[in-house]
Structure formats: structure tokens, C-alpha cells
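J.: Contents of input-v7.cif (mmCIF, C-alpha atoms) are given next:
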data_coords
loop_
_atom_site.label_atom_id
_atom_site.label_comp_id
_atom_site.auth_asym_id
_atom_site.auth_seq_id
_atom_site.Cartn_x
_atom_site.Cartn_y
_atom_site.Cartn_z
CA MET A 9 -76.24 1.18 32.99
CA THR A 10 -74.78 2.74 29.84
CA THR A 11 -76.25 6.17 29.07
CA VAL A 12 -75.62 8.61 26.24
CA ALA A 13 -76.06 12.38 26.09
CA ALA A 14 -75.44 14.84 23.27
CA VAL A 15 -73.93 18.30 23.61
CA ILE A 16 -74.38 20.63 20.63
CA SER A 17 -72.16 23.70 20.32
CA SER A 18 -74.13 26.55 18.81
CA TYR A 19 -73.36 30.00 17.44
CA ARG A 20 -75.94 31.61 15.15
CA SER A 21 -77.15 28.09 14.38
CA ALA A 22 -80.90 28.52 13.92
CA ALA A 23 -80.75 27.22 10.34
CA ASP A 24 -78.88 24.06 11.35
CA LEU A 25 -80.24 23.03 14.75
CA PRO A 26 -83.48 21.37 13.58
CA GLU A 27 -81.71 18.81 11.39
CA CYS A 28 -79.01 18.14 13.97
CA VAL A 29 -81.53 17.51 16.75
CA ARG A 30 -83.83 15.48 14.47
CA SER A 31 -80.99 13.21 13.34
CA LEU A 32 -79.86 12.57 16.90
CA ARG A 33 -83.37 11.60 17.98
CA ALA A 34 -83.84 9.36 14.94
CA GLY A 35 -80.83 7.19 15.71
CA THR A 36 -81.02 3.53 16.64
CA VAL A 37 -79.36 4.65 19.86
CA ALA A 38 -80.78 8.08 20.67
CA PRO A 39 -79.26 10.30 23.38
CA ASP A 40 -81.14 10.36 26.67
CA ARG A 41 -80.52 14.11 26.84
CA ILE A 42 -79.73 16.71 24.22
CA VAL A 43 -78.12 19.90 25.49
CA ILE A 44 -77.50 22.91 23.27
CA VAL A 45 -74.80 25.23 24.59
CA ASP A 46 -75.39 28.46 22.72
CA ALA A 47 -73.16 31.52 22.42
CA SER A 48 -75.26 33.43 19.89
CA PRO A 49 -75.66 37.14 20.66
CA ASP A 50 -79.29 37.45 19.55
CA GLY A 51 -81.02 34.61 21.42
CA GLU A 52 -82.63 33.22 18.25
CA SER A 53 -80.77 29.90 18.34
CA ALA A 54 -81.46 29.43 22.07
CA GLU A 55 -85.16 30.09 21.59
CA LEU A 56 -85.32 27.65 18.69
CA GLY A 57 -83.45 25.01 20.68
CA ARG A 58 -86.02 25.18 23.45
CA SER A 59 -88.84 24.90 20.92
CA LEU A 60 -87.20 21.69 19.68
CA GLY A 61 -87.42 20.25 23.19
CA ALA A 62 -83.69 20.40 23.92
CA GLU A 63 -82.10 21.75 27.07
CA VAL A 64 -80.35 25.06 26.42
CA ILE A 65 -77.43 26.70 28.21
CA GLU A 66 -76.61 30.26 27.15
CA LEU A 67 -73.01 31.50 27.50
CA ASP A 68 -70.77 34.26 26.27
CA ASN A 69 -68.74 33.26 23.24
CA ARG A 70 -65.51 32.02 24.80
CA GLY A 71 -64.72 29.37 22.22
CA LEU A 72 -65.73 25.87 21.23
CA GLY A 73 -63.96 24.11 24.08
CA CYS A 74 -65.72 26.26 26.66
CA LEU A 75 -69.13 25.42 25.18
CA TYR A 76 -68.40 21.71 25.19
CA ASN A 77 -66.97 21.74 28.71
CA HIS A 78 -70.10 23.35 30.14
CA GLY A 79 -72.28 20.82 28.37
CA VAL A 80 -70.27 17.83 29.57
CA GLU A 81 -70.36 19.11 33.14
CA HIS A 82 -74.13 19.59 32.87
CA VAL A 83 -75.03 16.04 31.86
CA ALA A 84 -74.52 12.81 33.75
CA ALA A 85 -73.96 10.07 31.19
CA THR A 86 -71.49 7.32 30.39
CA TYR A 87 -70.80 8.73 26.94
CA VAL A 88 -71.27 12.20 25.50
CA ALA A 89 -71.57 12.98 21.80
CA LEU A 90 -69.97 16.35 21.14
CA THR A 91 -71.15 17.94 17.92
CA ASN A 92 -71.29 21.16 15.99
CA ALA A 93 -74.79 22.33 15.14
CA ASP A 94 -74.15 21.95 11.40
CA VAL A 95 -73.83 18.15 11.64
CA ALA A 96 -76.46 15.51 10.83
CA PHE A 97 -76.04 11.95 12.12
CA ASP A 98 -76.69 8.73 10.23
CA ALA A 99 -79.18 6.50 12.05
CA ARG A 100 -76.51 3.99 13.16
CA CYS A 101 -73.78 6.51 13.95
CA ILE A 102 -74.13 6.90 17.73
CA ALA A 103 -74.71 3.16 18.19
CA LEU A 104 -71.52 2.28 16.32
CA LEU A 105 -69.46 4.88 18.19
CA VAL A 106 -70.77 3.63 21.54
CA GLN A 107 -70.03 0.02 20.58
CA SER A 108 -66.45 0.86 19.66
CA LEU A 109 -65.82 2.32 23.13
CA GLU A 110 -67.67 -0.52 24.84
CA ASP A 111 -65.40 -3.01 23.06
CA ASP A 112 -62.16 -1.43 24.29
CA ASP A 113 -61.88 -0.02 27.81
CA SER A 114 -58.59 1.71 26.97
CA LEU A 115 -60.21 4.17 24.55
CA PHE A 116 -61.15 7.76 25.31
CA ALA A 117 -62.86 8.96 22.12
CA ALA A 118 -64.48 7.65 18.95
CA ASP A 119 -64.50 9.51 15.64
CA PRO A 120 -67.06 9.05 12.83
CA ARG A 121 -66.46 9.49 9.11
CA GLN A 122 -67.58 12.95 8.00
CA LEU A 123 -69.15 13.56 4.60
CA ASP A 124 -69.92 16.91 3.02
CA TRP A 125 -73.52 18.07 3.30
CA SER A 126 -74.48 16.43 -0.01
CA GLY A 127 -73.17 13.10 1.30
CA GLU A 128 -71.01 12.63 -1.80
CA ARG A 129 -67.49 13.37 -0.55
CA THR A 130 -65.52 12.26 2.50
CA ILE A 131 -64.10 15.34 4.22
CA ARG A 132 -62.86 13.65 7.40
CA ALA A 133 -61.79 10.06 7.96
CA ARG A 134 -58.91 8.51 9.88
CA THR A 135 -56.19 10.99 10.86
CA THR A 136 -52.58 9.95 10.46
CA LEU A 137 -49.41 11.83 11.44
CA ARG A 138 -45.91 11.36 10.07
CA ARG A 139 -42.74 13.40 9.81
CA GLY A 140 -43.05 16.12 7.22
CA PRO A 141 -41.84 19.51 6.00
CA LEU A 142 -41.68 22.65 8.09
CA LEU A 143 -43.53 24.80 5.56
CA ARG A 144 -46.99 24.66 3.97
CA THR A 145 -48.37 22.17 6.45
CA PRO A 146 -50.89 22.70 9.32
CA ILE A 147 -48.40 21.46 11.93
CA PRO A 148 -44.80 22.31 10.90
CA GLY A 149 -42.62 19.20 10.98
CA LEU A 150 -45.59 16.85 10.61
CA THR A 151 -47.69 15.72 7.68
CA VAL A 152 -51.31 15.47 8.78
CA ASP A 153 -53.68 13.39 6.67
CA PRO A 154 -57.27 13.79 7.94
CA VAL A 155 -58.85 11.67 5.20
CA ALA A 156 -56.76 8.51 5.38
CA PRO A 157 -58.58 5.22 4.67
CA PRO A 158 -60.41 3.02 5.46
CA TYR A 159 -63.79 4.40 4.45
CA ALA A 160 -65.72 1.32 5.58
CA GLY A 161 -65.22 -1.62 7.87
CA ALA A 162 -63.85 -2.19 11.35
CA PRO A 163 -62.75 0.58 13.72
CA VAL A 164 -59.08 1.54 13.56
CA ALA A 165 -56.79 3.72 15.67
CA THR A 166 -56.63 7.41 14.75
CA ALA A 167 -54.29 10.18 15.85
CA TYR A 168 -57.14 12.14 17.38
CA ALA A 169 -60.90 12.58 17.17
CA ASN A 170 -62.33 15.68 15.50
CA ALA A 171 -64.24 18.18 17.64
CA GLY A 172 -66.82 18.68 14.91
CA ALA A 173 -68.38 15.33 15.89
CA MET A 174 -66.91 12.92 18.42
CA LEU A 175 -68.00 10.59 21.22
CA VAL A 176 -66.12 10.69 24.53
CA ARG A 177 -66.18 8.92 27.86
CA ARG A 178 -67.52 11.60 30.18
CA GLU A 179 -65.62 10.42 33.28
CA ARG A 180 -62.29 10.59 31.45
CA MET A 181 -63.17 13.91 29.86
CA LEU A 182 -63.69 15.37 33.32
CA GLU A 183 -60.51 13.75 34.63
CA LEU A 184 -58.57 15.42 31.82
CA GLY A 185 -60.06 18.78 32.79
CA GLY A 186 -61.94 18.96 29.48
CA PHE A 187 -60.83 21.07 26.56
CA ASP A 188 -58.20 23.69 27.24
CA GLU A 189 -60.34 26.84 27.20
CA THR A 190 -57.41 29.04 26.25
CA PHE A 191 -57.82 27.50 22.77
CA PHE A 192 -60.60 29.65 21.30
CA MET A 193 -60.96 27.59 18.12
CA ASP A 194 -58.81 25.03 16.25
CA PHE A 195 -56.33 22.48 17.63
CA GLU A 196 -58.40 22.08 20.81
CA ASP A 197 -59.27 18.51 19.78
CA ILE A 198 -55.71 17.34 19.10
CA ASP A 199 -54.64 18.91 22.41
CA LEU A 200 -57.35 17.03 24.31
CA CYS A 201 -56.74 13.68 22.62
CA TRP A 202 -52.96 14.08 22.97
CA ARG A 203 -53.38 14.52 26.72
CA ALA A 204 -55.63 11.45 26.78
CA TRP A 205 -53.07 9.46 24.79
CA LEU A 206 -50.38 10.37 27.31
CA ARG A 207 -52.52 8.59 29.91
CA GLY A 208 -52.90 5.53 27.72
CA TRP A 209 -56.37 6.44 26.45
CA GLY A 210 -56.45 6.28 22.68
CA SER A 211 -58.89 7.44 20.04
CA VAL A 212 -60.53 5.26 17.42
CA TYR A 213 -61.98 6.01 14.00
CA VAL A 214 -65.19 4.17 13.11
CA PRO A 215 -65.63 4.33 9.31
CA ASP A 216 -69.16 2.91 9.25
CA ALA A 217 -70.36 5.60 11.69
CA VAL A 218 -71.22 8.46 9.37
CA VAL A 219 -72.23 12.11 9.72
CA ARG A 220 -72.80 14.88 7.21
CA HIS A 221 -71.12 18.17 8.06
CA ARG A 222 -71.91 21.58 6.60
CA VAL A 223 -68.44 22.86 7.52
CA GLY A 224 -68.23 26.49 8.56
CA ALA A 225 -71.96 27.16 8.48
CA SER A 226 -71.72 29.34 11.60
CA THR A 227 -68.55 31.21 10.63
CA ASP A 228 -69.04 34.48 8.79
CA LEU A 229 -66.40 36.43 6.87
CA ASN A 230 -65.99 38.95 9.70
CA ALA A 231 -64.91 36.13 12.03
CA ALA A 232 -62.32 34.69 9.64
CA PRO A 233 -59.38 36.88 10.80
CA ARG A 234 -60.09 36.08 14.45
CA ARG A 235 -60.24 32.37 13.67
CA LEU A 236 -56.98 32.50 11.75
CA ALA A 237 -55.26 34.28 14.63
CA SER A 238 -56.73 31.75 17.07
CA SER A 239 -55.44 28.87 14.95
CA HIS A 240 -51.88 30.24 14.90
CA LEU A 241 -51.88 30.93 18.64
CA ASN A 242 -53.34 27.52 19.46
CA LEU A 243 -50.73 25.75 17.36
CA ALA A 244 -48.01 27.50 19.36
CA ARG A 245 -49.70 26.58 22.65
CA PHE A 246 -50.06 22.96 21.60
CA ALA A 247 -46.41 22.70 20.56
CA LEU A 248 -45.14 24.29 23.77
CA LYS A 249 -47.37 22.06 25.92
CA SER A 250 -46.78 18.77 24.16
CA PHE A 251 -43.53 18.66 22.16
CA PRO A 252 -39.90 18.41 23.30
CA ALA A 253 -38.22 21.81 23.37
CA ARG A 254 -36.35 21.36 20.08
CA ALA A 255 -39.45 20.21 18.21
CA ALA A 256 -41.56 22.98 19.75
CA GLY A 257 -38.97 25.52 18.62
CA ARG A 258 -39.15 24.29 15.04
CA VAL A 259 -42.95 24.58 15.08
CA MET A 260 -42.76 28.12 16.47
CA LEU A 261 -40.23 29.26 13.88
CA ALA A 262 -42.11 27.69 10.98
CA SER A 263 -45.64 28.66 12.03
CA PRO A 264 -47.52 31.05 9.71
CA GLY A 265 -48.07 33.52 12.55
CA HIS A 266 -44.35 33.76 13.31
CA ARG A 267 -43.42 34.08 9.64
CA ALA A 268 -45.99 36.82 9.12
CA SER A 269 -44.88 38.83 12.15
CA SER A 270 -41.20 38.57 11.22
CA ASP A 271 -41.70 39.44 7.53
CA ARG A 272 -41.42 43.22 7.04
CA ARG A 273 -42.30 43.21 3.36
CA SER A 274 -45.60 44.59 2.18
CA PRO A 275 -48.60 42.21 1.88
CA ARG A 276 -48.38 42.50 -1.91
CA GLN A 277 -44.68 41.54 -1.89
CA ARG A 278 -45.30 38.60 0.43
CA SER A 279 -48.22 37.26 -1.59
CA SER A 280 -46.30 37.49 -4.85
CA CYS A 281 -43.38 35.55 -3.35
CA ARG A 282 -45.68 32.83 -2.00
CA GLY A 283 -47.36 32.36 -5.34
CA PHE A 284 -50.94 33.16 -4.30
#
Would you mind writing the file's structure down as C-alpha cells?

T.:
Amino acid sequence: MTTVAAVISSYRSAADLPECVRSLRAGTVAPDRIVIVDASPDGESAELGRSLGAEVIELDNRGLGCLYNHGVEHVAATYVALTNADVAFDARCIALLVQSLEDDDSLFAADPRQLDWSGERTIRARTTLRRGPLLRTPIPGLTVDPVAPPYAGAPVATAYANAGAMLVRRERMLELGGFDETFFMDFEDIDLCWRAWLRGWGSVYVPDAVVRHRVGASTDLNAAPRRLASSHLNLARFALKSFPARAAGRVMLASPGHRASSDRRSPRQRSSCRGF
């Protein structure tokens, strides 16, 4: 029997959890279990989650992948919807994601189309990768387009599913060892889906499955430097794990973290030379 569970990653998410939980329960296919894995320091989000009737796991804040891994291990379901707390699901979203995986046994993950919170602008669609410049790009040497069409219609292959909202086969997630927990935040999703792809398990983008995402709702300004550092470090880890040595070397040399550490000019001099 096909079963579906939802795992919500939460950090200071009291303002967002009610809508996320409500939208999951209102779907044409509603999760059998909703588990909130909360790393908030004050307990407010965990208390609210319990009042909403969800199961709650409280952890130290060891990154997004750690939260998701604990949730996936906790539930026993065919499919698990992994979602940030600041996401609201369209009524048909989970059903369409499940159907896409049911239709193709080779797939590992399904990715919905993400709109901004107003529902007016697509902020995440199909992700494509192609050769690109070494500078001014998230992954040096590659051009990443996270909003490539289509915006409606049949499911289509995507480079990887986005950790903000994705559906995975639980059995394969466990076989992969879950997210790499050394990735605190950023690039953990491409690392996971890359490892799945190496086993022949692809990811699919389902344009008619829609969510709204209030991006960054749980990230305050004080956390921004830590997130930036995490992003640079994770990019290096991903390159070293997944790319041939020559390609990994190019990524390391061109990464913002490497350029910043090797540039001895003052911050004012560097910013004036970069043009911002």
C-alpha cells in the first residue's frame, strides 16, 4: 500500500507552521503523518506544532539535512514530502508528485514549481545545468538555471530537486544515507540528488504541482554570515566529492570563499573592483 508522510524542517517557524500544516492536510492526497523536526532554541515552534496535532522532534540546530534525516528515519512511508516550514502546498501538489514517482520506478525525487508567497512569480522551476563561466556563477564552470520552463504540463527531468519542497522515495533516501550532514545549509540537495543519479535514480520536475514559498522566513540577519560561509564550504565539499579532479580544482580556485581568502586588499578596495 502506498503511504505518504510529511517532514517539516523548522527553525523559529511559529509564524509559518500553521499555514504549512493546514495546506498539507487540505490536499487531495494528505500525508498520513506530519512530523515537525524543530531546532528552535526557545521551544515556541515545537509547542505550536504539537497544538496543531503534528508529531514534533526537537533537535539541536545541526543543519537542514540533519533535520530531514531524523524525520525520514522516524516515519515509515513509501514517500516522504520534505518541506521548509515557510511553504504552503496547492491542493493537488502532493498527489501530482506522488503520481510522477508512481509512473516511473527509476525516479528518486519529484520537484514542484515554487511561487513567491503572493503566488505571482515563479521562483523555482526546472533546474538545468550547462557549461559556463568560472566567475559570478553559483557553481564555477557551470551555468545553473533554476527557473527553466516548462511552467505547466507534463513532468520533465530536472538536474536535482530543491530541498525547500521535494518528494522522495523513503527506501532510496535511506539507502543513500540521507543528506550529507556535514552540509549545514545549501548544496545539500544537489549533493543528494547527484548521488541518487549516480545510481540511476533521477529527479523529475512536475510543473503542475505548485507550492508558495516565503523564502528565507526563518533566516535572520545575524545568521547570514554563517549561511554564506556554509554555502562556500558546501560547494567545495560537493566539488571534491563529485567532480573529476581537474574540474574540482577549477571550482575550488574560482569559488567566492577561495577568492576572498586569497585577496589581501581591503574590503573597500575589493568591493570597488567588483562593482558593488

J.: Using all atoms listed in the file, which of the listed residues (A:Leu67, A:Ile42, A:Cys74, A:Leu90) sits closest to Phe191 in chain A?

T.: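 Between A:Leu67, A:Ile42, A:Cys74, A:Leu90, the residue approaching Phe191 in chain A most closely is A:Cys74.
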
J.: Can you pull out the residues contacting Gly35 in chain A? Cut-off 8 Å, using all atoms listed in the file, and skip same-chain residues under 6 positions away; I want them as a ChimeraX atom specification.

T.: /A:97-103

J.: Find the residues near range 50-66 of chain A: any atom within 7 Å, counting only C-alpha atoms, skip ones fewer than 3 places away on the same chain, and give them as a list in words.

T.: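 Contacts, in chain order: Arg20, Ser21, Ala22, Ile42, Val43, Ile44, Val45, Asp46 and Ala47 of chain A.
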
J.: Give me, as CSV, the closest atom pair and its distance (Å, one decimal) for every residue of range 78-124 of chain A within a cut-off of 7 Å of range 178-187 of chain A, counting only C-alpha atoms, rows sorted by chain and rising number.

T.:
residue,atom,partner,partner_atom,distance
A:Val80,CA,A:Arg178,CA,6.8
A:Ala85,CA,A:Arg178,CA,6.7
A:Thr86,CA,A:Arg178,CA,5.8
A:Tyr87,CA,A:Arg178,CA,5.4
A:Val88,CA,A:Arg178,CA,6.0
A:Phe116,CA,A:Arg180,CA,6.9

J.: Convert the current residue selection to file output with C-alpha atoms, as a PDB file, keeping the file's coordinate frame.

T.:
ATOM      1  CA  VAL A  80     -70.270  17.830  29.570  1.00  0.00           C
ATOM      2  CA  ALA A  85     -73.960  10.070  31.190  1.00  0.00           C
ATOM      3  CA  THR A  86     -71.490   7.320  30.390  1.00  0.00           C
ATOM      4  CA  TYR A  87     -70.800   8.730  26.940  1.00  0.00           C
ATOM      5  CA  VAL A  88     -71.270  12.200  25.500  1.00  0.00           C
ATOM      6  CA  PHE A 116     -61.150   7.760  25.310  1.00  0.00           C
TER       7      PHE A 116
END

J.: Can you work out the spacing between CA of Ala167 in chain A and CA of Asp113 in chain A in Å, to one decimal?

T.: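 CA of Asp113 in chain A lies 17.5 Å from CA of Ala167 in chain A.
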
J.: Using the file's own x, y and z axes, so that the box edges lie along x, y and z, what centre and edge lengths in Å (one decimal) does a box around every listed atom of range 78-91 of chain A get when 4 Å is added on each side? Give it as lines of an AutoDock Vina configuration file.

T.:
center_x = -72.5
center_y = 15.3
center_z = 25.8
size_x = 13.1
size_y = 24.0
size_z = 23.8

J.: Could you list, as a list in words, every residue matched by the PyMOL selection byres ((chain A and resi 193-202) around 6) in this structure?

T.: Gly71, Leu72, Tyr168, Asn170, Ala171, Phe187, Phe191, Phe192, Arg203, Ala204, Trp205 and Ser239 of chain A

J.: Please measure the separation of CA of Val29 in chain A and CA of Leu115 in chain A, giving the value in Å to one decimal.

T.: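 If I compute the distance from CA of Val29 in chain A to CA of Leu115 in chain A, I get 26.3 Å.
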
J.: Apply the PyMOL selection byres ((chain A and resi 118-127) around 6) to the structure shown and report the selected residues as number ranges by chain.

T.: A: 105, 117, 128-133, 169, 174-175, 211-215, 217-222

J.: Those same residues, written as a short mmCIF file (atom, residue, chain, number, x, y, z; two decimals), in the frame of the given file with C-alpha atoms?

T.:
data_model
loop_
_atom_site.label_atom_id
_atom_site.label_comp_id
_atom_site.auth_asym_id
_atom_site.auth_seq_id
_atom_site.Cartn_x
_atom_site.Cartn_y
_atom_site.Cartn_z
CA LEU A 105 -69.46 4.88 18.19
CA ALA A 117 -62.86 8.96 22.12
CA GLU A 128 -71.01 12.63 -1.80
CA ARG A 129 -67.49 13.37 -0.55
CA THR A 130 -65.52 12.26 2.50
CA ILE A 131 -64.10 15.34 4.22
CA ARG A 132 -62.86 13.65 7.40
CA ALA A 133 -61.79 10.06 7.96
CA ALA A 169 -60.90 12.58 17.17
CA MET A 174 -66.91 12.92 18.42
CA LEU A 175 -68.00 10.59 21.22
CA SER A 211 -58.89 7.44 20.04
CA VAL A 212 -60.53 5.26 17.42
CA TYR A 213 -61.98 6.01 14.00
CA VAL A 214 -65.19 4.17 13.11
CA PRO A 215 -65.63 4.33 9.31
CA ALA A 217 -70.36 5.60 11.69
CA VAL A 218 -71.22 8.46 9.37
CA VAL A 219 -72.23 12.11 9.72
CA ARG A 220 -72.80 14.88 7.21
CA HIS A 221 -71.12 18.17 8.06
CA ARG A 222 -71.91 21.58 6.60
#

J.: With only C-alpha atoms as the atoms that count, which of A:Arg177, A:Arg70, A:His82, A:Arg139 lies nearest to Ser18 in chain A?

T.: A:Arg70

J.: Between CA of Thr10 in chain A and CA of Asn77 in chain A, what is the distance in Å, rounded to a tenth?

T.: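 Calculated distance between CA of Thr10 in chain A and CA of Asn77 in chain A is 20.6 Å.
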
J.: Just want the 7 Å neighbourhood of Asp153 in chain A, counted on all atoms listed in the file, with same-chain residues fewer than 3 positions away dropped. Output as a PyMOL selection string.

T.: chain A and resi 135-137+156

J.: Tell me which of A:Leu109, A:Val95, A:Val223, A:Leu32 sits closest to Ala165 in chain A, counting only C-alpha atoms.

T.: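 Under the stated criterion, the closest residue is A:Leu109.
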
J.: A:Met9, A:Ala84, A:Cys28, A:Val164: which is nearest Ala96 in chain A, counting all atoms listed in the file?

T.: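 Looking at the shortest contact to Ala96 in chain A, the residue is A:Cys28.
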